[in-house]
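*Asks:* What follows is a structure written as structure tokens; I'll ask about it next.
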Amino acid sequence: MKTKTFKTLDEQIDILLQKGLIIDDIEEAKTILLRENYFFLSGYRHLFLISPTERTFKEGTNFKEIYALFSFDRQLRNIIFKNILIVENNLKSILAYVMSKNHGFKENNYLNPHNFVQNPQRKRQVNDLLRKMKRQINVNGKQHSATAHFIDFYGYIPLWVVVKVLSFGIVGELYTVLQHQDQKEIADAFKMDIYSMTEYLPILANYRNLCAHEDICYNNKTQKVIEDTKYHHLLNIPQHYDEYICGKNDLFSLIIMLKYILNKDNFNLLMHEISYELDILAGRLHTISIESILKEMGFPQNYKDIVRME
């Protein structure tokens with residue numbers, strides 16, 4: 001079995017040079033490798049390699065280009081993360097309002113299994129989810145000033161406060177087991193349908209976690225493929241064997257989801273910020289084109305047109 005051995009910064013630099021990478025400032029590169037970890041290169045270098053098997057860099061590839069792609073991805077994560085947080089906060093607020101209005105706001109109300117889907121096949125899921133909620137309330141309730149205040153002075157935590165300590169994943173799953181009328185009210189508030197809400201929320205939660213843990217974002221592919229939307233058609237995205245070639249399980253599919261679920265101003269700002277970062281990256285690339293990055297992201301050439309589409 002092969003084993004990996006520790007390499008000093010000088011040894012790491014030597015390996016990169018031997019593979020044909022141009023490094024203008026050795027000391028700066030060593031500082032970056034120390035701060036960001038040599039491993040980061042493995043996630044961003046593949047577009048700069050001659051081939052997956054040869055694993056040497058294309059002629060003229062500069063360390064600064066790879067680092068520029070890394071830095072772009074970090075900015076991209078930050079942009080996406082803050083917008084998913086907006087979605088998360090909106091969902092928590094609307095769900096808490098609807099559930100409190102329809103079923104009551106005390107713990108014995110919103111933790112009552114009868115307030116959720118009564119399908120016997122989903123009974124276990126409902127009970128497991130309620131246990132997760134109780135566990136998060138018990139673990140996190142005292143750590144937040146708002147929840148601690150209600151516990152100490154009122155002896156319970158209303159739902160509009162408790163959602164603050166629940167993860168996006170749990171709130172998204174909670175939506176899937178609500179009664180139909182509750183689901184519809186929440187979906188209507190987002191001007192969406194129940195099916196799309198149920199489909200999008202777990203994907204958004206996964207992207208939230210990806211961004212929070214600084215995983216590679218720009219070329220991320222999700223296991224779940226979203227349904228075709230009007231934006232696939234309006235953007236004239238090409239098809240292969242009757243399947244759209246992008247916007248299905250790539251980063252552009254996330255953009256389509258956010259187009260539906262964010263309000264107009266937030267979405268327009270999101271796209272402006274991403275376009276700005278792409279322009280910066282384009283000016284820093286020399287060995288590869290910005291089109292190759294867009295392809296990895298699943299962005300069609302006319303991706304900006306989605307902003308003005310209704």
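Here, A, B, ... name the chains of the structure tokens in the order displayed, residue numbers run from 1 inside each chain, and ligands are numbered from 1 in the same displayed order.
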Need to verify the contact set: Glu243 in chain A, 12 Å, only C-alpha atoms, exclusion of same-chain residues closer than 2 positions in sequence. Can you return it as a ChimeraX atom specification?
*Replies:* /A:225-229,232-233,237-241,245-249
*Asks:* Env of Ile66 in chain A: 8 Å cut, atoms = only C-alpha atoms, seq-sep filter 6 positions within chain, self excluded. Answer as a PDB file with C-alpha atoms, in the first residue's frame.
*Replies:*
```pdb
ATOM      1  CA  LEU A  41      -3.728  22.698  -5.394  1.00  0.00           C
ATOM      2  CA  TYR A  44      -7.857  23.508  -8.622  1.00  0.00           C
ATOM      3  CA  ARG A  45      -5.051  22.284 -10.837  1.00  0.00           C
ATOM      4  CA  PHE A  48      -4.174  23.435 -15.953  1.00  0.00           C
TER       5      PHE A  48
END
```
*Asks:* Could you give me, as CSV, every range 107-146 of chain A residue with an atom at most 12 Å from range 82-98 of chain A, plus its closest atom pair and distance in Å to one decimal, counting only C-alpha atoms, rows ordered by chain then number?
*Replies:*
```
residue,atom,partner,partner_atom,distance
A:Glu107,CA,A:Ala96,CA,12.0
A:Asn109,CA,A:Ala96,CA,11.8
A:Tyr110,CA,A:Ala96,CA,9.2
A:Asn115,CA,A:Val98,CA,11.9
```
*Asks:* Counting only C-alpha atoms, what are the residues of range 195-262 of chain A within 12 Å of range 272-287 of chain A, and for each of them which pair of atoms is the nearest and at what distance in Å, to one decimal? Sort the table by chain and rising number, as a tab-separated table.
*Replies:*
```
residue	atom	partner	partner_atom	distance
A:Tyr218	CA	A:Ile274	CA	10.9
A:Leu251	CA	A:Ile274	CA	11.7
A:Phe252	CA	A:Ile274	CA	11.5
A:Ile255	CA	A:Ile274	CA	10.4
```
*Asks:* Can you tell me how far CA of Arg122 in chain A sits from CA of Val161 in chain A, in Å to one decimal?
*Replies:*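 Distance between the two atoms: 26.6 Å.
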